[in-house]
There are 2 protein chains.
Amino acid sequence: MEETRENSVGIVRTRTIRVVEPEQPLELACGKALGPIDVAYETYGQMDDSGDNVILICHALSGNAHVAGYNRPEDKKPGWWDNMVGPGKGIDTNKYFVICSNFLGGCGGTTGPSSVNPKTGKAYGPEFPIITISDMVRVQKLLLDKLGIKKLLAVIGGSIGGMQVLQWAIEYPEFAGVVIPAATTSHLGAQSIAFDAVGRNAILADPNFADGQYHGGKGPDKGLGIARMIGHITYLSEAGMREKFGRKLRSPGDYRYDFDSEFAVETYLDYQGQSFVERFDANSYLYITRAADYFDLQKDYGSLAKALANTKSRFLVVSFTSDWLFTPAQSKQIVDALAAARKDVSYCNINSPYGHDAFLLEPETLGSFICCFLKATCDPGGKKQPCSCYAGIGRSFSRLEQAHRARVDYELIESLIELNSTVLDVGCGDGELLANLIRDKGIRGEGIELKQELVLDCVCRGLPIIQQDIEEGLAHYADKSFRYVILSQTLQTVKNPEKVFAELLRVGRKVIVSFPNFAHWRCRLQLLLSGKAPVTKQLPFEWHSSPNIHCLSLRDFDGFCDKLGVRIEKRIPLGKTRANPVKFAPNLFAEQVVYVTSKG
Amino acid sequence: MEETRENSVGIVRTRTIRVVEPEQPLELACGKALGPIDVAYETYGQMDDSGDNVILICHALSGNAHVAGYNRPEDKKPGWWDNMVGPGKGIDTNKYFVICSNFLGGCGGTTGPSSVNPKTGKAYGPEFPIITISDMVRVQKLLLDKLGIKKLLAVIGGSIGGMQVLQWAIEYPEFAGVVIPAATTSHLGAQSIAFDAVGRNAILADPNFADGQYHGGKGPDKGLGIARMIGHITYLSEAGMREKFGRKLRSPGDYRYDFDSEFAVETYLDYQGQSFVERFDANSYLYITRAADYFDLQKDYGSLAKALANTKSRFLVVSFTSDWLFTPAQSKQIVDALAAARKDVSYCNINSPYGHDAFLLEPETLGSFICCFLKATCDPGGKKQPCSCYAGIGRSFSRLEQAHRARVDYELIESLIELNSTVLDVGCGDGELLANLIRDKGIRGEGIELKQELVLDCVCRGLPIIQQDIEEGLAHYADKSFRYVILSQTLQTVKNPEKVFAELLRVGRKVIVSFPNFAHWRCRLQLLLSGKAPVTKQLPFEWHSSPNIHCLSLRDFDGFCDKLGVRIEKRIPLGKTRANPVKFAPNLFAEQVVYVTSKG
C-alpha cells in the first residue's frame with residue numbers, strides 16, 4: 001500500500017509517564033518486585049466527552065508505542081501499524097481515541113532490562129526480573145488509571161499483542177467492550193517454544209553477551225541477529241518466501257562457491273538481523289520471548305474454559321490461513337472455549353499468503369473486520385450493510401447461489417421458533433435469518449459459516465459468527481446448548497450427513513432441517529420421462545455442477561430419522577410460498593420441506 | 001520398533017579405500033581439484049555371482065557409512081538405518097548386497113574438511129574446496145569402480161541422500177535399475193535455504209570457529225549445537241513435537257522463572273545439539289549444507305525435464321505427508337517431470353506424523369514400498385500379491401467398495417483397447433485392469449490412485465503408479481500423451497466432473513468413461529413409486545452414505561458431451577454381464593454404460 005503522510009496521523013510524540021513509584025514497587029508474577037516503572041506511550045485521535053471511544057493497541061515482540069504517524073518530520077518510515085491506524089483506516093482515528101504503550105520489559109522507552117536500575121546506577125541487565133504477559137497488562141492498566149481512562153471500547157493486538165488482549169479480557173472483564181486478539185494463541189506449542197529457545201541460545205552463546213552485563217559496551221549483536229533471522233523465517237510462510245525470493249541469487253550469474261550470502265533470501269535475512277540489532281536490545285529479546293513461552297492460560301487458570309469463564313467482552317478472534325507460528329487451529333481453540341461458555345465470540349480465519357506477519361500485511365481485509373466489528377458494537381441498531389470503509393473484499397457469492405438462498409423456508413422457520421429462544425444457525429450465510437429472528441423474536445442467536453465474505457456480512461450485522469466447516473463437527477458446544485439448531489438447505493451439500501445431523505441433535509434440543517424434495521413429482525416425471533437427472537426450481541443445478549451431493553426426499557429423511565432413532569416433531573412440506581403448505585401426498589407435491597426433529 | 005542384535009547384520013567393519021590419488025586429483029564442480037580422496041564404506045550381505053543384487057545407499061546430512069549393525073560388540077546403538085537394512089527387513093540383506101559410503105566432505109572417514117591436507121600437513125579447514133552433490137556422486141562411482149561393481153540393482157536414499165539418488169539416475173543412467181529418492185527435492189526452496197543459512201551463521205559467529213582453522217583446538221561447539229537445534233526443528237513436524245513434548249516441563253512443578261531450559265523440548269534440543277557436537281565436524285556441516293543449497297537440477301540442466309530426459313532407471317519417489325522441509329509437493333514436482341517424459345515412475349506420499357525424519361521412522365510402510373518395488377523389478381513375472389515382508393499395512397478397503405470395484409465393465413473396456421496401446425487408468429484401484437491389459441494386450445500402462453494401500457498393490461504388480469487426487473488435474477502430462485485414458489466408475493464421485501473430463505480429453509486421444517446409469521428403469525420406478533433416492537445393485541449406497549456425489553444417466557452424459565463439443569465414438573450400454581449388452585432403450589435398460597469419447 002502506498003503510504004502518504006496525508007493519510008497518516010501526522011507527527012506524533014512518544015510520551016513517558018511513571019506508573020509505579022520506587023517506594024511502592026509492583027509485585028510481579030515471578031514473585032519479585034519492580035519499581036520504578038516508567039511507560040512510553042503514544043495516542044492518536046480525540047477522546048469523546050463520554051470516554052466511550054478509547055481503543056488500546058497492544059504490540060508484538062519487536063513493536064513499540066509508535067503505532068502510527070511519524071515521530072520526526074524527517075522520518076522515512078511511519079509507525080509499525082500505520083496502515084491500520086489513521087484517519088479513515090481500519091482503526092479510524094477520526095472516530096476513535098487510540099493509545100498504545102511499549103510493554104514492560106521492552107526497549108522502546110518503558111522500563112526494561114536496558115533501563116537503569118536505581119539501586120546500582122547501571123542497566124538492570126540480567127538483574128531484571130522475569131516478566132509475564134500478565135505483568136505487561138497490569139502495567140498497561142496502571143497507565144490507563146494514571147491517564148484517567150475508566151473504560152475501553154476495545155483492546156486490539158496481534159501475536160504477543162494478542163496474548164495481552166486475551167489477558168486483558170480475563171483480568172479486567174468489565175473494562176473493555178470489545179477484544180480483538182489476532183494471530184495469537186492461548187499458549188505456545190512445542191515447536192514455537194523450540195524456535196524461541198534456539199534464538200535465546202544464539203544470544204546466550206555470543207561472548208559479547210557477557211552474562212547479560214553488556215550494557216554500555218558492545219552487545220551480542222551476532223547472537224541477536226541470528227535470533228532475529230530464526231524469528232523472521234517463522235513470521236513468513238513457505239509459499240510467501242518462495243514467491244518473494246525463490247532461488248534468486250544475490251548477484252546475477254553463476255554460483256560463487258563460498259559461504260558468503262549467495263542467495264537473495266540470505267541477504268534479506270542478513271539485513272533483517274543487522275537492522276534489528278540497531279534498534280533492539282538483546283536482553284529485551286530474552287525477556288519477551290520467555291514471557292511468551294510462559295504464557296499459558298490453561299496452566300494459569302486450570303483450563304481455557306476457566307480462564308475465559310468471567311470474560312464479558314465481545315470477542316473477535318482472527319487468524320490467518322498461512323500462519324504456521326500461531327496457527328488457525330490455535331485461534332480456533334480459543335474460539336471453541338468461548339463458544340462452549342456461550343460468550344459473544346466471532347471468528348474469522350482470513351485467507352492470506354503472508355504467514356504470521358499477515359496481521360501487519362492485510363490492512364484491507366483485517367481492517368474491514370475490525371472496522372465493522374467496532375461499528376456494529378458501537379451502533380448495534382445501525383446500518384446492516386458492510387461498511388464502505390474498504391471496498392477491497394470481493395463478493396464471490398454467485399447470483400445462482402444467492403437465488404438459491406432467497407428462501408421460502410426462512411419465513412416458515414421463523415414462525416416455528418418461540419420468543420427469546422437460543423438459536424444456532426449452521427451455514428447461516430449472510431445472517432439474514434438470524435437477524436430477522438433477533439429483530440422479530442428476540443432470540444439469542446449464533447451463526448456458523450464457511451465463506452469469509454459472508455462471515456464479514458454477519459460481523460456487520462453484529463451477529464456472533466464463527467467461520468468453520470460444519471463437517472469438522474461442533475465439539476466446542478456442550479450437549480443441548482441451544483433450544484434450536486437450524487440447518488437450512490444445507491444437509492444435501494454436506495459430505496457426511498449422518499455425522500453432521502448427529503452433531504446438531506447433540507447440541508440442540510430441537511433441530512430444524514430444511515431441504516429440497518428430490519421426490520417432487522416434477523423430479524420423478526423428469527427422471528421417468530426424460531431419463532435425465534432432474535433440474536427444477538428447487539434443484540436448479542445440472543448434474544455435473546450441483547453443490548447438492550446427496551439426493552433425498554421426505555421419505556428418505558423419514559427413514560433416516562427412524563434409523564437414527566430421531567423423533568420427528570413436525571414435518572412441514574412446502575410449496576412455492578409459505579401460504580401454500582402441501583397437505584396432500586407431500587412427498588409428491590412438496591418442493592421443499594422443513595422438519596423439526598429431536599433426539600428421541 | 002524393538003531392535004535386537006539377532007535381527008541385525010551383526011558386527012560390521014568400516015573400511016577405507018583410496019579412490020583418487022594425489023597425482024591425479026579430481027576436478028570438482030567448483031573448478032578446483034582435490035586429491036587424494038579416501039572413502040569410508042560398509043557392506044552387508046553377499047554379492048551374487050551375476051552381480052545383479054547390489055544396492056547402494058546414500059546417506060543424509062548427519063549420516064555416515066555405518067548404516068546397519070554394530071561396529072563394536074559394546075556399541076549400544078546400531079547404524080542409522082538398521083530398522084530398514086538387515087535380514088528380512090525392507091532392504092533384505094539375505095537377498096541383496098548393500099553398500100554405503102560416507103560422502104565427500106563428510107566427517108565419517110571419507111576425505112573432508114577435517115582431513116589432513118597433504119600439502120600443509122594440517123586439516124584442510126576452510127582450504128577445503130566447495131563440493132556439490134554431483135561431486136559426492138562421482139566419488140561414489142569411483143568407489144564402485146574400485147570395488148569392481150559394474151551395475152546397481154538400486155540406489156536408495158532419503159533427504160540429501162535422495163538428492164544423490166537423483167544425481168545418480170541422471171549422471172549414470174545405465175548404471176542403476178531402480179532409484180528410490182525419498183523425502184527429497186530437486187532443489188531447496190527459499191525457506192530451506194534460509195534455515196541452512198541461519199545454521200551456518202551460528203557456526204561462523206562462534207569465536208571458536210576461528211575462520212575455520214579450529215581443527216586440533218576447541219571447535220565452534222556452541223555454534224554447531226545451535227545449527228543442529230535449528231535443523232532438528234525442521235526434521236520434526238509441529239504435530240509430532242506437540243505429541244512428543246507439548247508443554248511438558250523439564251522438572252515437574254511450577255515455572256522456575258529463568259533462562260535455563262524450562263520445557264522438555266528445550267532440554268531435548270540441548271541434548272541434540274550437544275550430542276551432535278561430539279560426533280560431527282562444524283566445517284563438514286558448512287560444506288554439506290552448502291552442497292544442498294547449491295543442488296538445483298533445474299539450474300544445472302536447464303530444466304527438470306532436461307535433467308531427467310536421459311534417465312533409464314525405474315523410479316519410486318516417496319514423500320511423507322507431514323514433511324515440511326522437503327515437502328510432498330517438491331517430490332510431486334520430480335514425479336511430474338518424470339511422468340511428462342513418460343519415464344517409469346511410481347510415487348507414494350506416505351501418511352506419517354513424523355515430518356522429514358519419517359524416512360528414518362516409518363520402516364514398516366516405507367519398507368513395504370521399497371521391498372515390493374525391488375521384488376517386482378527383479379521378478380516382474382512373479383507373484384502379484386503384496387509381499388508378506390510386512391503385514392503392517394492395514395487394508396482399509398471396505399467390502400462394499402471392493403464389490404463395487406469387481407466390475408463388469410473391466411471385460412468390456414479390455415475388449416475396446418488395441419494391442420500395444422498406451423493407457424492411463426485414472427482411479428486404477430489395485431491395478432487389476434491395467435495388469436490384465438498388460439498381460440492380454442501388451443499395452444504400456446500407467447495408473448493414478450489416491451489410496452496408499454492400493455498404490456502399494458500396484459507397486460507389487462510392478463505397475464507405474466502415481467498417488468494423487470485426480471481433482472488436482474494432470475498438468476504433468478502433455479496433450480495426447482496416451483492413446484487411451486480410462487475413468488472407470490469414477491466420474492460420478494469427483495467434485496468437478498467438467499474439469500476432470502476436460503483434463504482426460506486433453507491427455508488422451510480417446511477417453512473411456514464408465515458409470516452407473518441413474519436412469520435405469522429400476523431407479524426411475526423406485527423414485528416414481530417409492531419416492532426415495534434409488535438404491536440398486538449398481539448404485540448400492542443409501543442417499544447419505546453414497547460416494548456418488550453426482551447422478552447421471554446416458555442422456556445426461558450425451559448432453560454433457562454435446563455441450564463440451566466432445567465426440568462420442570462408442571456408447572455401450574451394459575446389463576449385468578458383458579454377454580448381455582443392451583440394445584433397446586438403453587437409457588432405460590442399461591445398468592451401467594461405457595463410453596469411448598474423443599475431443600471433437
# chains A, B, ... in the order shown; residues from 1 in each chain; ligands from 1
$ residues_around --residues "range 365-367 of chain A" --least-positions-apart "3" --cutoff "7 Å" --atoms "only C-alpha atoms" --output "list in words"
Met84, Gly90, Glu362, Ile370, Cys371 and Ile393 of chain A
$ write_last_selection --atoms "N, CA, C and O atoms" --output "PDB file, in the first residue's frame"
ATOM      1  N   MET A  84      -3.065   0.505   9.454  1.00  0.00           N
ATOM      2  CA  MET A  84      -4.322   0.126  10.115  1.00  0.00           C
ATOM      3  C   MET A  84      -4.901   1.268  10.947  1.00  0.00           C
ATOM      4  O   MET A  84      -6.116   1.361  11.133  1.00  0.00           O
ATOM      5  N   GLY A  90      -8.763   1.204   9.083  1.00  0.00           N
ATOM      6  CA  GLY A  90      -9.479   0.154   9.820  1.00  0.00           C
ATOM      7  C   GLY A  90      -9.779   0.557  11.248  1.00  0.00           C
ATOM      8  O   GLY A  90     -10.884   0.364  11.761  1.00  0.00           O
ATOM      9  N   GLU A 362      -2.274  -7.303   5.979  1.00  0.00           N
ATOM     10  CA  GLU A 362      -3.604  -7.428   5.372  1.00  0.00           C
ATOM     11  C   GLU A 362      -4.493  -6.299   5.870  1.00  0.00           C
ATOM     12  O   GLU A 362      -5.570  -6.527   6.432  1.00  0.00           O
ATOM     13  N   ILE A 370     -12.168  -5.450  11.562  1.00  0.00           N
ATOM     14  CA  ILE A 370     -12.077  -4.651  12.786  1.00  0.00           C
ATOM     15  C   ILE A 370     -13.069  -3.493  12.731  1.00  0.00           C
ATOM     16  O   ILE A 370     -13.842  -3.249  13.668  1.00  0.00           O
ATOM     17  N   CYS A 371     -13.050  -2.792  11.613  1.00  0.00           N
ATOM     18  CA  CYS A 371     -13.910  -1.619  11.440  1.00  0.00           C
ATOM     19  C   CYS A 371     -15.388  -1.995  11.615  1.00  0.00           C
ATOM     20  O   CYS A 371     -16.124  -1.335  12.356  1.00  0.00           O
ATOM     21  N   ILE A 393     -12.830  -6.133  -0.346  1.00  0.00           N
ATOM     22  CA  ILE A 393     -13.250  -7.521  -0.290  1.00  0.00           C
ATOM     23  C   ILE A 393     -14.240  -7.838  -1.394  1.00  0.00           C
ATOM     24  O   ILE A 393     -15.308  -7.246  -1.469  1.00  0.00           O
TER      25      ILE A 393
END
$ interface_residues --of "chain B" --to "chain A" --cutoff "6 Å" --atoms "only C-alpha atoms" --output "MDAnalysis selection string"
chainID B and resid 130 190:191 238 241:242 246 257 497 519 524 528 531:533 543:544 549:550 552:553 555:556
$ select_by_dssp --residues "range 227-449 of chain B" --states "alpha helix (DSSP H)" --output "ChimeraX atom specification"
/B:227-235,238-244,264-279,282-294,297-301,304-308,328-340,358-361,363-378,399-405,408-416,432-441
$ closest_residue --among "A:Ala33, A:Cys378, A:Val116, A:Ala123" --to "Gly177 in chain A" --atoms "only C-alpha atoms"
A:Cys378
$ closest_residue --among "B:Phe541, B:Tyr41, B:Tyr271, B:Tyr285" --to "Gly212 in chain B" --atoms "only C-alpha atoms"
B:Tyr285
$ residues_around --residues "Cys348 in chain B" --least-positions-apart "5" --cutoff "8 Å" --atoms "only C-alpha atoms" --output "PyMOL selection string"
chain B and resi 316-319+452+455+466-467
$ write_last_selection --atoms "C-alpha atoms" --output "tab-separated table (two decimals), in the first residue's frame"
chain	number	residue	atom	x	y	z
B	316	LEU	CA	10.00	-44.91	-6.92
B	317	VAL	CA	9.64	-41.44	-5.46
B	318	VAL	CA	8.48	-41.33	-1.86
B	319	SER	CA	7.43	-38.36	0.25
B	452	GLN	CA	-1.95	-45.56	-0.16
B	455	VAL	CA	-0.86	-47.74	-4.54
B	466	ILE	CA	1.27	-42.25	-9.10
B	467	GLN	CA	-0.56	-41.40	-5.90
$ residues_around --residues "range 98-105 of chain A" --least-positions-apart "6" --cutoff "6 Å" --atoms "only C-alpha atoms" --output "MDAnalysis selection string"
chainID A and resid 40:44 54:57 64:65 111:112 136 284
$ residues_around --residues "Asn420 in chain A" --least-positions-apart "3" --cutoff "12 Å" --atoms "only C-alpha atoms" --output "ChimeraX atom specification"
/A:417,423,437-445,482-484
$ atom_distance --atom1 "CA of Phe295 in chain B" --atom2 "CA of Ser134 in chain B"
8.3 Å
$ atom_distance --atom1 "CA of Asp469 in chain B" --atom2 "CA of Gly161 in chain B"
27.7 Å
$ atom_distance --atom1 "CA of Val165 in chain B" --atom2 "CA of Ile180 in chain B"
6.9 Å
